[in-house]
file entry-v3.cif (mmCIF, C-alpha atoms)
data_work
#
loop_
_atom_site.label_atom_id
_atom_site.label_comp_id
_atom_site.auth_asym_id
_atom_site.auth_seq_id
_atom_site.Cartn_x
_atom_site.Cartn_y
_atom_site.Cartn_z
CA LYS X 1 -36.45 -5.96 -1.98
CA ALA X 2 -35.00 -6.60 1.47
CA GLY X 3 -31.23 -6.60 1.79
CA VAL X 4 -28.94 -9.18 3.29
CA THR X 5 -29.68 -9.73 6.96
CA GLN X 6 -27.41 -11.16 9.60
CA THR X 7 -28.15 -12.28 13.13
CA PRO X 8 -27.14 -11.62 15.76
CA ARG X 9 -25.60 -8.20 15.25
CA TYR X 10 -23.43 -8.37 18.35
CA LEU X 11 -22.13 -11.32 20.31
CA ILE X 12 -19.79 -11.80 23.25
CA LYS X 13 -18.35 -15.24 23.86
CA THR X 14 -15.66 -16.78 26.02
CA ARG X 15 -12.57 -18.60 24.79
CA GLY X 16 -13.27 -22.25 24.11
CA GLN X 17 -16.95 -21.75 23.37
CA GLN X 18 -18.53 -22.16 19.98
CA VAL X 19 -20.73 -19.75 18.03
CA THR X 20 -23.18 -19.92 15.14
CA LEU X 21 -23.91 -16.92 12.95
CA SER X 22 -26.78 -16.67 10.51
CA CYS X 23 -27.20 -14.95 7.16
CA SER X 24 -30.29 -14.52 4.99
CA PRO X 25 -29.43 -13.45 1.44
CA ILE X 26 -31.40 -11.17 -0.84
CA SER X 27 -34.42 -12.99 -2.21
CA GLY X 28 -33.42 -14.90 -5.33
CA HIS X 29 -29.71 -14.86 -4.59
CA ARG X 30 -28.26 -18.35 -4.38
CA SER X 31 -24.62 -17.58 -3.67
CA VAL X 32 -23.60 -16.67 -0.13
CA SER X 33 -20.06 -15.77 0.88
CA TRP X 34 -18.61 -15.19 4.33
CA TYR X 35 -15.78 -12.83 5.23
CA GLN X 36 -13.89 -11.96 8.38
CA GLN X 37 -12.83 -8.36 8.89
CA THR X 38 -10.21 -7.31 11.42
CA PRO X 39 -8.21 -4.07 11.69
CA GLY X 40 -4.93 -5.87 11.07
CA GLN X 41 -5.85 -8.21 8.21
CA GLY X 42 -8.73 -6.39 6.56
CA LEU X 43 -11.46 -8.38 4.83
CA GLN X 44 -10.57 -12.03 4.38
CA PHE X 45 -12.61 -14.62 2.52
CA LEU X 46 -13.85 -17.56 4.58
CA PHE X 47 -16.03 -19.63 2.23
CA GLU X 48 -18.71 -19.47 -0.43
CA TYR X 49 -21.84 -21.56 -0.87
CA PHE X 50 -24.06 -22.02 -3.88
CA SER X 51 -27.11 -24.29 -3.94
CA GLU X 52 -26.14 -25.86 -0.61
CA THR X 53 -22.62 -26.74 -1.81
CA GLN X 54 -19.38 -25.18 -0.65
CA ARG X 55 -17.65 -24.08 -3.85
CA ASN X 56 -14.65 -22.31 -2.41
CA LYS X 57 -12.84 -22.02 0.89
CA GLY X 58 -10.34 -19.49 2.16
CA ASN X 59 -7.27 -20.12 4.25
CA PHE X 60 -8.84 -20.57 7.67
CA PRO X 61 -8.51 -23.46 10.14
CA GLY X 62 -11.08 -26.24 10.31
CA ARG X 63 -12.66 -24.61 13.37
CA PHE X 64 -14.47 -22.41 10.87
CA SER X 65 -17.26 -24.17 9.05
CA GLY X 66 -20.47 -23.32 7.31
CA ARG X 67 -23.50 -24.63 5.56
CA GLN X 68 -26.32 -23.47 3.34
CA PHE X 69 -29.93 -24.51 3.43
CA SER X 70 -32.34 -25.13 0.57
CA ASN X 71 -33.81 -21.63 0.98
CA SER X 72 -30.26 -20.20 0.48
CA ARG X 73 -29.96 -19.07 4.09
CA SER X 74 -26.51 -19.79 5.44
CA GLU X 75 -24.87 -20.32 8.79
CA MET X 76 -21.27 -20.28 9.82
CA ASN X 77 -19.90 -21.93 12.93
CA VAL X 78 -16.71 -21.29 14.83
CA SER X 79 -15.74 -23.90 17.39
CA THR X 80 -13.22 -23.61 20.24
CA LEU X 81 -13.15 -19.83 20.04
CA GLU X 82 -9.84 -18.01 20.39
CA LEU X 83 -9.22 -14.37 21.27
CA GLY X 84 -8.03 -13.79 17.71
CA ASP X 85 -11.45 -14.73 16.37
CA SER X 86 -12.79 -11.38 17.58
CA ALA X 87 -13.84 -9.68 14.38
CA LEU X 88 -16.68 -8.43 12.23
CA TYR X 89 -18.12 -11.33 10.26
CA LEU X 90 -19.73 -10.23 7.02
CA CYS X 91 -22.00 -12.19 4.77
CA ALA X 92 -22.56 -11.28 1.13
CA SER X 93 -24.95 -12.61 -1.46
CA SER X 94 -24.92 -12.46 -5.22
CA SER X 95 -26.89 -13.60 -8.21
CA PRO X 96 -25.36 -14.97 -11.41
CA GLY X 97 -27.79 -12.88 -13.40
CA GLN X 98 -26.36 -9.70 -11.91
CA GLY X 99 -22.72 -10.37 -12.64
CA TYR X 100 -20.28 -10.76 -9.82
CA GLU X 101 -21.43 -7.87 -7.63
CA GLN X 102 -21.78 -8.93 -4.02
CA TYR X 103 -24.22 -7.32 -1.61
CA PHE X 104 -23.08 -7.24 1.98
CA GLY X 105 -25.07 -7.58 5.16
CA PRO X 106 -24.45 -5.37 8.21
CA GLY X 107 -22.25 -8.00 9.83
CA THR X 108 -22.02 -9.70 13.20
CA ARG X 109 -19.55 -8.18 15.64
CA LEU X 110 -18.05 -11.07 17.64
CA THR X 111 -16.00 -10.38 20.73
CA VAL X 112 -14.15 -13.26 22.38
CA THR X 113 -13.03 -12.68 25.96
CA GLY E 1 -0.53 -15.27 -5.15
CA GLN E 2 -3.27 -12.72 -5.32
CA ASN E 3 -1.71 -9.84 -3.38
CA ILE E 4 -3.55 -6.57 -3.66
CA ASP E 5 -1.76 -3.41 -2.65
CA GLN E 6 -3.25 0.00 -1.97
CA PRO E 7 -2.17 2.92 0.22
CA THR E 8 -3.21 2.73 3.84
CA GLU E 9 -4.33 6.33 4.28
CA MET E 10 -4.99 9.43 2.22
CA THR E 11 -6.19 12.91 3.10
CA ALA E 12 -7.84 15.53 0.94
CA THR E 13 -9.96 18.68 1.22
CA GLU E 14 -13.55 19.29 0.23
CA GLY E 15 -14.02 20.01 -3.44
CA ALA E 16 -10.70 18.44 -4.43
CA ILE E 17 -9.98 15.39 -6.58
CA VAL E 18 -8.30 12.29 -5.17
CA GLN E 19 -6.99 9.17 -6.89
CA ILE E 20 -6.68 5.92 -4.96
CA ASN E 21 -4.37 3.40 -6.61
CA CYS E 22 -4.50 -0.37 -6.45
CA THR E 23 -2.09 -2.94 -7.85
CA TYR E 24 -2.68 -6.66 -8.08
CA GLN E 25 -1.08 -9.80 -9.45
CA THR E 26 -2.30 -10.39 -12.97
CA SER E 27 -2.39 -14.20 -13.10
CA GLY E 28 -5.94 -15.58 -13.23
CA PHE E 29 -7.45 -12.12 -13.37
CA ASN E 30 -11.24 -12.12 -13.51
CA GLY E 31 -12.37 -8.61 -12.66
CA LEU E 32 -11.65 -5.73 -10.29
CA PHE E 33 -14.05 -4.19 -7.81
CA TRP E 34 -14.11 -1.06 -5.69
CA TYR E 35 -16.19 -0.92 -2.53
CA GLN E 36 -16.80 1.91 -0.07
CA GLN E 37 -17.09 1.21 3.64
CA HIS E 38 -18.06 3.82 6.20
CA ALA E 39 -17.00 3.18 9.77
CA GLY E 40 -19.26 0.64 11.41
CA GLU E 41 -21.13 -0.15 8.22
CA ALA E 42 -21.06 -2.86 5.55
CA PRO E 43 -19.11 -2.37 2.32
CA THR E 44 -21.16 -1.01 -0.56
CA PHE E 45 -20.43 -1.59 -4.23
CA LEU E 46 -18.94 1.28 -6.24
CA SER E 47 -17.62 -0.18 -9.48
CA TYR E 48 -16.60 -3.28 -11.42
CA ASN E 49 -14.00 -3.28 -14.21
CA VAL E 50 -13.16 -6.26 -16.34
CA LEU E 51 -11.97 -4.47 -19.51
CA ASP E 52 -9.24 -1.86 -19.85
CA GLY E 53 -10.23 1.76 -19.63
CA LEU E 54 -12.10 4.29 -17.60
CA GLU E 55 -15.65 3.85 -16.34
CA GLU E 56 -17.36 6.98 -15.08
CA LYS E 57 -20.28 7.00 -12.68
CA GLY E 58 -21.14 10.45 -11.42
CA ARG E 59 -18.41 11.82 -9.17
CA PHE E 60 -16.65 8.45 -9.08
CA SER E 61 -14.64 6.87 -11.88
CA SER E 62 -12.62 3.67 -11.99
CA PHE E 63 -9.77 2.79 -14.32
CA LEU E 64 -8.24 -0.57 -15.18
CA SER E 65 -5.07 -1.65 -16.97
CA ARG E 66 -5.00 -5.44 -17.12
CA SER E 67 -1.51 -5.66 -18.59
CA LYS E 68 -0.09 -3.56 -15.76
CA GLY E 69 -2.17 -5.11 -12.98
CA TYR E 70 -3.27 -1.61 -12.02
CA SER E 71 -6.50 0.14 -11.16
CA TYR E 72 -7.46 3.44 -9.64
CA LEU E 73 -10.57 4.99 -8.18
CA LEU E 74 -11.00 8.69 -8.91
CA LEU E 75 -13.22 10.77 -6.66
CA LYS E 76 -14.12 14.27 -7.85
CA GLU E 77 -15.67 17.21 -6.02
CA LEU E 78 -14.96 15.60 -2.69
CA GLN E 79 -17.53 15.91 0.07
CA MET E 80 -17.19 15.29 3.78
CA LYS E 81 -19.39 12.22 3.44
CA ASP E 82 -16.74 10.64 1.18
CA SER E 83 -14.60 10.07 4.28
CA ALA E 84 -14.53 6.28 4.37
CA SER E 85 -12.43 3.23 3.65
CA TYR E 86 -12.11 2.32 -0.03
CA LEU E 87 -11.53 -1.34 -0.72
CA CYS E 88 -10.00 -2.70 -3.89
CA ALA E 89 -10.90 -6.34 -4.59
CA ARG E 90 -10.39 -8.85 -7.36
CA LEU E 91 -12.35 -11.95 -8.16
CA ASN E 92 -10.59 -15.22 -7.57
CA GLN E 93 -9.90 -17.36 -10.63
CA ALA E 94 -13.07 -19.41 -10.10
CA GLY E 95 -15.15 -16.25 -9.95
CA THR E 96 -16.65 -17.33 -6.64
CA ALA E 97 -14.91 -15.10 -4.11
CA LEU E 98 -13.58 -11.59 -3.66
CA ILE E 99 -9.99 -11.12 -2.57
CA PHE E 100 -9.68 -7.74 -0.85
CA GLY E 101 -6.86 -5.35 -0.30
CA LYS E 102 -6.56 -3.92 3.20
CA GLY E 103 -8.33 -0.75 2.19
CA THR E 104 -7.45 2.92 1.94
CA THR E 105 -8.84 5.20 4.63
CA LEU E 106 -9.71 8.53 3.07
CA SER E 107 -10.18 11.56 5.31
CA VAL E 108 -11.83 14.61 3.78
CA SER E 109 -11.46 17.89 5.66
CA SER E 110 -13.07 21.27 5.15
#
call {"tool": "encode", "arguments": {"input": "entry-v3.cif", "output": "structure tokens"}}
result
Amino acid sequence: KAGVTQTPRYLIKTRGQQVTLSCSPISGHRSVSWYQQTPGQGLQFLFEYFSETQRNKGNFPGRFSGRQFSNSRSEMNVSTLELGDSALYLCASSSPGQGYEQYFGPGTRLTVT
Amino acid sequence: GQNIDQPTEMTATEGAIVQINCTYQTSGFNGLFWYQQHAGEAPTFLSYNVLDGLEEKGRFSSFLSRSKGYSYLLLKELQMKDSASYLCARLNQAGTALIFGKGTTLSVSS
């Protein structure tokens, strides 16, 4: 079974621009979560989607948004990029039938200049 | 709050045993995870504890005390490849998200 995939793997953007990141979960997994990882703050939860509905949201500004499609693929969008948005963005998928274990993708490394 | 505390760094030598501690706030507890993350890679699942006690899985074991809000990850017979960041995480009350500690960077030397 293929793992969680994320595209692109690396991205360089300029302040004020917007960016869209994509995540394809493991086949059959319907829950997709997004996390931001920085050296100072560690891994922080952004939001979680299940069956195209956002079920939970972390403490991030409204510039961060996401959505999930009917095939469980998910995208997250960051508008009006700031330097502090430079981070590794990780996506994880899980299946209710397998407990709460989350499987992480390789991440997208975003650099904002 | 859901603060999770774990040491920032630890060092150990090959063949030794190391214990990485994690404390968390007990309200709304739903389960405790340990993940391993090598530099530049995604976190990978190590263990999940929801009941008190010790769970052993090869060289790695994880312990949970729900009343004390305390967990530890025990690594035996350390190998160089165990050098990584070890992340303690708890489920949020809704069971829909992981709340992570900042991780413990373990360095194993020969």
call {"tool": "residues_around", "arguments": {"input": "entry-v3.cif", "residues": "Gly84 of chain X", "least_positions_apart": "5", "cutoff": "12 Å", "atoms": "all atoms listed in the file", "output": "list of chain:residue names"}}
result
X:Thr14, X:Arg15, X:Gly16, X:Gln36, X:Gln37, X:Thr38, X:Pro39, X:Gly40, X:Gln41, X:Val78, X:Leu110, X:Thr111, X:Val112, X:Thr113
call {"tool": "residues_around", "arguments": {"input": "entry-v3.cif", "residues": "Lys102 of chain E", "least_positions_apart": "6", "cutoff": "10 Å", "atoms": "only C-alpha atoms", "output": "PyMOL selection string"}}
result
(chain X and resi 37-44) or (chain E and resi 4-8+85-89)
call {"tool": "interface_residues", "arguments": {"input": "entry-v3.cif", "of": "chain X", "to": "chain E", "cutoff": "12 Å", "atoms": "only C-alpha atoms", "output": "PyMOL selection string"}}
result
chain X and resi 3-6+9+30-50+54-59+88-96+98-109
call {"tool": "resolve_selection", "arguments": {"input": "entry-v3.cif", "expression": "the PyMOL selection byres ((chain E and resi 65) around 12)", "output": "ChimeraX atom specification"}}
result
/E:21-26,29,31-32,49-55,62-64,66-72
call {"tool": "closest_residue", "arguments": {"input": "entry-v3.cif", "among": "X:His29, X:Phe60, X:Gln68, X:Glu75", "to": "Pro8 of chain X", "atoms": "all atoms listed in the file"}}
result
X:Glu75
call {"tool": "atom_distance", "arguments": {"input": "entry-v3.cif", "atom1": "atom CA of Gln93 of chain E", "atom2": "atom CA of Ile20 of chain E"}}
result
24.2 Å
call {"tool": "closest_residue", "arguments": {"input": "entry-v3.cif", "among": "X:Gly62, X:Asn71, X:Ser51, X:Leu11", "to": "Ala87 of chain X", "atoms": "all atoms listed in the file"}}
result
X:Leu11
call {"tool": "atom_distance", "arguments": {"input": "entry-v3.cif", "atom1": "atom CA of Asp85 of chain X", "atom2": "atom CA of Arg67 of chain X"}}
result
19.0 Å
call {"tool": "resolve_selection", "arguments": {"input": "entry-v3.cif", "expression": "the PyMOL selection byres ((chain E and resi 74) around 8)", "output": "VMD selection string"}}
result
chain E and resid 17 to 20 60 to 62 72 to 73 75 to 76
call {"tool": "atom_distance", "arguments": {"input": "entry-v3.cif", "atom1": "atom CA of Thr105 of chain E", "atom2": "atom CA of Gln36 of chain E"}}
result
9.8 Å
call {"tool": "residues_around", "arguments": {"input": "entry-v3.cif", "residues": "Thr11 of chain E", "least_positions_apart": "6", "cutoff": "6 Å", "atoms": "only C-alpha atoms", "output": "CSV table (one decimal) with C-alpha atoms, in the coordinates of the input"}}
result
chain,number,residue,atom,x,y,z
E,106,LEU,CA,-9.7,8.5,3.1
E,107,SER,CA,-10.2,11.6,5.3
E,108,VAL,CA,-11.8,14.6,3.8
call {"tool": "closest_residue", "arguments": {"input": "entry-v3.cif", "among": "E:His38, E:Gly28, E:Lys57, E:Lys81", "to": "Glu14 of chain E", "atoms": "all atoms listed in the file"}}
result
E:Lys81
